[in-house]
Amino acid sequence: MNDASAIWRDIRRETAGDSGTVVFDLSKVDAADGGVMALLVEVRSELAARGVNAELIGANERVETIVNLYSGHEGIAKRTRRKPEGAIAQIGRATVEVREEAKAILDFLGSMVLAAVTLVRHPRAGNWKEVAPLCETAGANAVPIVLLINFLVGFVMAFQSARQLKMFGANIYVADLVGISLTRELAPLMTAIIVCGRSGAGFAAELGSMKVNEEIDALRTLGLTPFGWLVVPRVAALILVVPLLTLFADFVGIVGGLLVGLIDLDLTAQGYFIETLTAVHGWDVITGLLKSLVFAVAIALIACQQGFATTGGAEGVGKRTTSTVVTSLFAVVIIDALFTVVFRAFDI
Amino acid sequence: MDTARPTPLAPHESPKPAPSPLIRVNRAMARRERANPDKPILQVKGLAIGWGDVVLQKDLTFDVQSGEVFGILGGSGAGKSTLMRFLIGLEQPLQGEIDVAGYGFPDLEAGLPPFGVMFQGGALFGSLTVGENVSLPLEEWTDLPDDAIAAIARAKLKLLGLGGAADKFPAELSGGMRKRAAIARALALEPELVFLDEPSAGLDPVMAADLDELISTLSKSLGLTVVLVTHELASIARIADRVVMLDKEAKTIIAIGDPRELRDSEDSRVRDFFHRKSKES
């Protein structure tokens with residue numbers, strides 16, 4: 001095998017100019033391994049492609065067997081090289097794929113709405129037992145990271161604006177800034193992003209591997225619907241848990257702002273809280289929670305849809321998990337923008 | 001593209017409008033008894049299977065009688081497991097008719113179908129223990145108390161030689177044990193018909209023989225009808241009453257009948273399969 005690369009080069013050079021018939025005399029060959037034979041067969045097919053006939057002769061019995069095994073005796077296999085895809089073709093294909101994907105998600109959403117109507121009429125069809133454990137994994141276990149991230153977001157926002165506010169002597173307004181931007185915008189958004197990465201990816205991977213293992217088919221043959229059994233508890237769990245996490249995030253973000261107020265802006269804790277309470281209205285918190293509710297539904301549905309759409313083994317599960325995170329982040333940002341526009345338009 | 005799909009109706013189903021097909025509504029939708037006991041338990045007429053333009057098998061016509069052990073044979077890639085997916089209603093046929101237990105084409109959205117299924121890899125629910133896997137259909141479709149369900153699940157597992165495995169998770173079991181647990185789950189609700197996809201593949205010869213024995217006994221004592229997808233010659237010879245043989249090139253049935261008679265078939269493809277002859281020799 002080690003000499004093969006030298007022989008391979010020599011053989012191809014020597015046969016390069018030949019035409020008519022090339023005869024490989026194998027009578028002096030005592031033994032050959034599969035690799036060498038594969039290369040010889042390849043040379044033969046290269047020659048044949050140029051219209052040169054090549055024959056293998058004089059092989060002893062053992063070598064003959066190997067020649068036959070590697071189809072050295074029969075017709076030449078055609079080599080079809082896959083054409084690399086051009087940039088424009090790639091862009092086109094990606095565009096079509098995005099359209100297909102969006103269509104699949106909307107299809108799924110539509111059938112979920114239909115099923116949800118039935119669920120309201122017949123609540124027993126849902127797998128409600130599963131909701132509590134899912135709330136634990138998607139909610140309780142996410143509390144530390146949600147607290148940490150939103151604390152830091154509040155802290156960083158206050159810190160960045162502290163210098164500007166100091167210039168105007170408007171130190172106390174850091175409470176308004178942090179309070180309103182967190183409750184209306186940042187806390188729901190950051191929480192949704194964390195839930196996308198944790199629960200969205202988790203749901204997609206779980207359902208995806210169930211799909212790949214035929215567990216979803218097995219569920220159907222037991223007369224249980226994937227919707228009632230798998231989608232309902234996941235949507236329900238996120239609906240319960242995401243607004244609650246957002247509420248925690250609101251609070252802890254304000255505490256982050258307070259810390260900056262205390263160390264950098266000479267504010268008192270009491271003053272900061274009083275200012276927050278006058279600036280932030282109940283409605284600010286409610287709009288944030290309303291948003292987070294819609295985020296929750298979107299993340300759960302996208303994750304389930306992607307999970308069900310999984311094909312092709314472990315690799316497929318990985319792909320779908322990635323695309324779940326990307327798609328649901330995209331959806332969250334779009335929904336957020338829509339809400340902002342609507343709230344602004346109606347001045348609420 | 002004419003697929004007749006009569007709406008399956010359980011005997012005690014209320015005449016209310018059909019619910020959204022995505023969701024199961026009540027236990028009255030369990031279909032365990034056959035709708036028409038005079039008909040063969042499984043009827044296939046002019047069936048073509050595949051997806052879109054790809055036709056895997058066509059012109060499939062056969063009946064399975066009640067109480068029979070019926071084998072679906074064929075080489076790798078002939079579409080045996082795929083045919084099973086069509087028979088149990090997971091895929092829509094390209095053409096032809098399937099009638100299972102008199103209900104027509106199995107409508108899986110309409111409630112519990114009149115059969116049990118074991119998939120090739122077992123397809124046990126990974127988040128549940130083996131015992132919970134077997135209990136699940138009983139919990140969902142019967143009003144038995146929890147302790148009775150647990151007792152039935154244990155007994156089913158013991159029957160399949162998995163007495164001590166009830167509290168283990170599927171990931172902790174070997175491939176063969178997973179298959180047997182899946183058979184226990186398929187039998188949990190005492191169906192009249194079960195579909196088994198390669199039940200003895202990957203088992204050691206003794207275990208495979210035991211499993212064949214069990215399937216044979218269940219069929220004889222309970223009148224269980226078994227549709228068996230397999231390429232294990234030993235199994236076929238031991239337990240199958242009748243077989244159909246699919247061929248990849250012919251794309252249809254090349255033989256149907258008693259496996260003992262097919263051994264001496266005129267058709268060399270059938271004979272080669274039974275005598276384990278390679279194509280070259």
# chains A, B, ... in the order shown; residues from 1 in each chain; ligands from 1
>>> interface_residues(of="chain A", to="chain B", cutoff="12 Å", atoms="only C-alpha atoms", output="VMD selection string")
chain A and resid 69 108 110 to 127 130 133 206 to 207 209 to 232
>>> write_last_selection(atoms="C-alpha atoms", output="CSV table (one decimal), in the first residue's frame")
chain,number,residue,atom,x,y,z
A,69,LEU,CA,-14.2,-9.2,-6.7
A,108,PHE,CA,-48.7,23.8,11.5
A,110,GLY,CA,-53.3,26.6,11.3
A,111,SER,CA,-53.8,23.0,12.3
A,112,MET,CA,-52.9,23.8,15.8
A,113,VAL,CA,-55.6,26.5,16.0
A,114,LEU,CA,-58.2,24.0,14.7
A,115,ALA,CA,-57.1,21.4,17.2
A,116,ALA,CA,-57.1,24.0,20.0
A,117,VAL,CA,-60.8,24.7,19.3
A,118,THR,CA,-61.5,21.0,19.8
A,119,LEU,CA,-59.4,21.0,22.9
A,120,VAL,CA,-61.5,23.7,24.5
A,121,ARG,CA,-64.6,21.6,23.9
A,122,HIS,CA,-63.0,18.4,25.1
A,123,PRO,CA,-60.3,19.2,27.6
A,124,ARG,CA,-59.6,15.6,28.5
A,125,ALA,CA,-57.8,15.1,25.2
A,126,GLY,CA,-54.7,16.9,26.4
A,127,ASN,CA,-51.9,15.2,28.3
A,130,GLU,CA,-47.0,16.2,31.6
A,133,PRO,CA,-42.7,18.3,35.0
A,206,GLU,CA,-36.7,15.7,22.3
A,207,LEU,CA,-39.5,15.5,19.7
A,209,SER,CA,-35.4,12.1,18.4
A,210,MET,CA,-38.9,10.7,19.1
A,211,LYS,CA,-39.7,11.2,15.5
A,212,VAL,CA,-36.5,9.5,14.3
A,213,ASN,CA,-37.1,6.5,16.7
A,214,GLU,CA,-40.6,6.0,15.3
A,215,GLU,CA,-42.0,6.9,18.8
A,216,ILE,CA,-44.4,9.4,17.3
A,217,ASP,CA,-45.7,6.7,14.9
A,218,ALA,CA,-46.0,4.4,17.9
A,219,LEU,CA,-48.0,7.0,19.7
A,220,ARG,CA,-50.4,7.3,16.7
A,221,THR,CA,-50.9,3.6,16.5
A,222,LEU,CA,-51.9,3.7,20.2
A,223,GLY,CA,-54.7,6.1,19.2
A,224,LEU,CA,-53.0,9.0,20.9
A,225,THR,CA,-52.5,12.2,18.9
A,226,PRO,CA,-49.1,13.9,18.8
A,227,PHE,CA,-51.0,17.2,19.3
A,228,GLY,CA,-52.8,16.3,22.5
A,229,TRP,CA,-50.0,14.2,23.9
A,230,LEU,CA,-46.9,16.3,23.0
A,231,VAL,CA,-47.8,19.8,21.8
A,232,VAL,CA,-50.5,20.7,24.3
>>> closest_residue(among="A:Asp264, A:Glu315, A:Asp250, A:Asp176", to="A:Leu277", atoms="only C-alpha atoms")
A:Asp176
>>> closest_residue(among="A:Cys196, A:Ala32, A:Leu182, A:Val174", to="A:Val333", atoms="only C-alpha atoms")
A:Cys196
>>> atom_distance(atom1="atom CA of B:Gly175", atom2="atom CA of B:Leu187")
18.7 Å
>>> atom_distance(atom1="atom CA of A:Gly34", atom2="atom CA of A:Ile66")
7.1 Å
>>> residues_around(residues="A:Asn53", least_positions_apart="6", cutoff="9 Å", atoms="only C-alpha atoms", output="JSON, numbers by chain")
{"A": [19, 20, 21, 22, 23, 44, 47]}
>>> residues_around(residues="A:Gln305", least_positions_apart="6", cutoff="9 Å", atoms="only C-alpha atoms", output="list in words")
Ala104, Ile105, Phe108, Leu109, Ala204, Val231 and Thr324 of chain A
>>> residues_around(residues="B:Glu97", least_positions_apart="3", cutoff="6 Å", atoms="only C-alpha atoms", output="list in words")
Val44, Lys45 and Leu47 of chain B
>>> closest_residue(among="A:Ala38, A:Ala205, A:Ala132, A:Ala142", to="A:Phe248", atoms="only C-alpha atoms")
A:Ala142
>>> closest_residue(among="A:Arg344, A:Lys291, A:Arg12, A:Arg82", to="A:Ala187", atoms="only C-alpha atoms")
A:Lys291
>>> select_by_dssp(residues="stretch 15-148 of chain B", states="helix (DSSP H, G or I)", output="list of chain:residue names")
B:Arg27, B:Ala28, B:Met29, B:Lys80, B:Ser81, B:Thr82, B:Leu83, B:Met84, B:Arg85, B:Phe86, B:Leu87, B:Leu108, B:Glu109, B:Ala110, B:Val130, B:Gly131, B:Glu132, B:Asn133, B:Val134, B:Ser135, B:Leu136, B:Pro137, B:Leu138, B:Glu139, B:Glu140, B:Trp141, B:Asp146, B:Asp147, B:Ala148
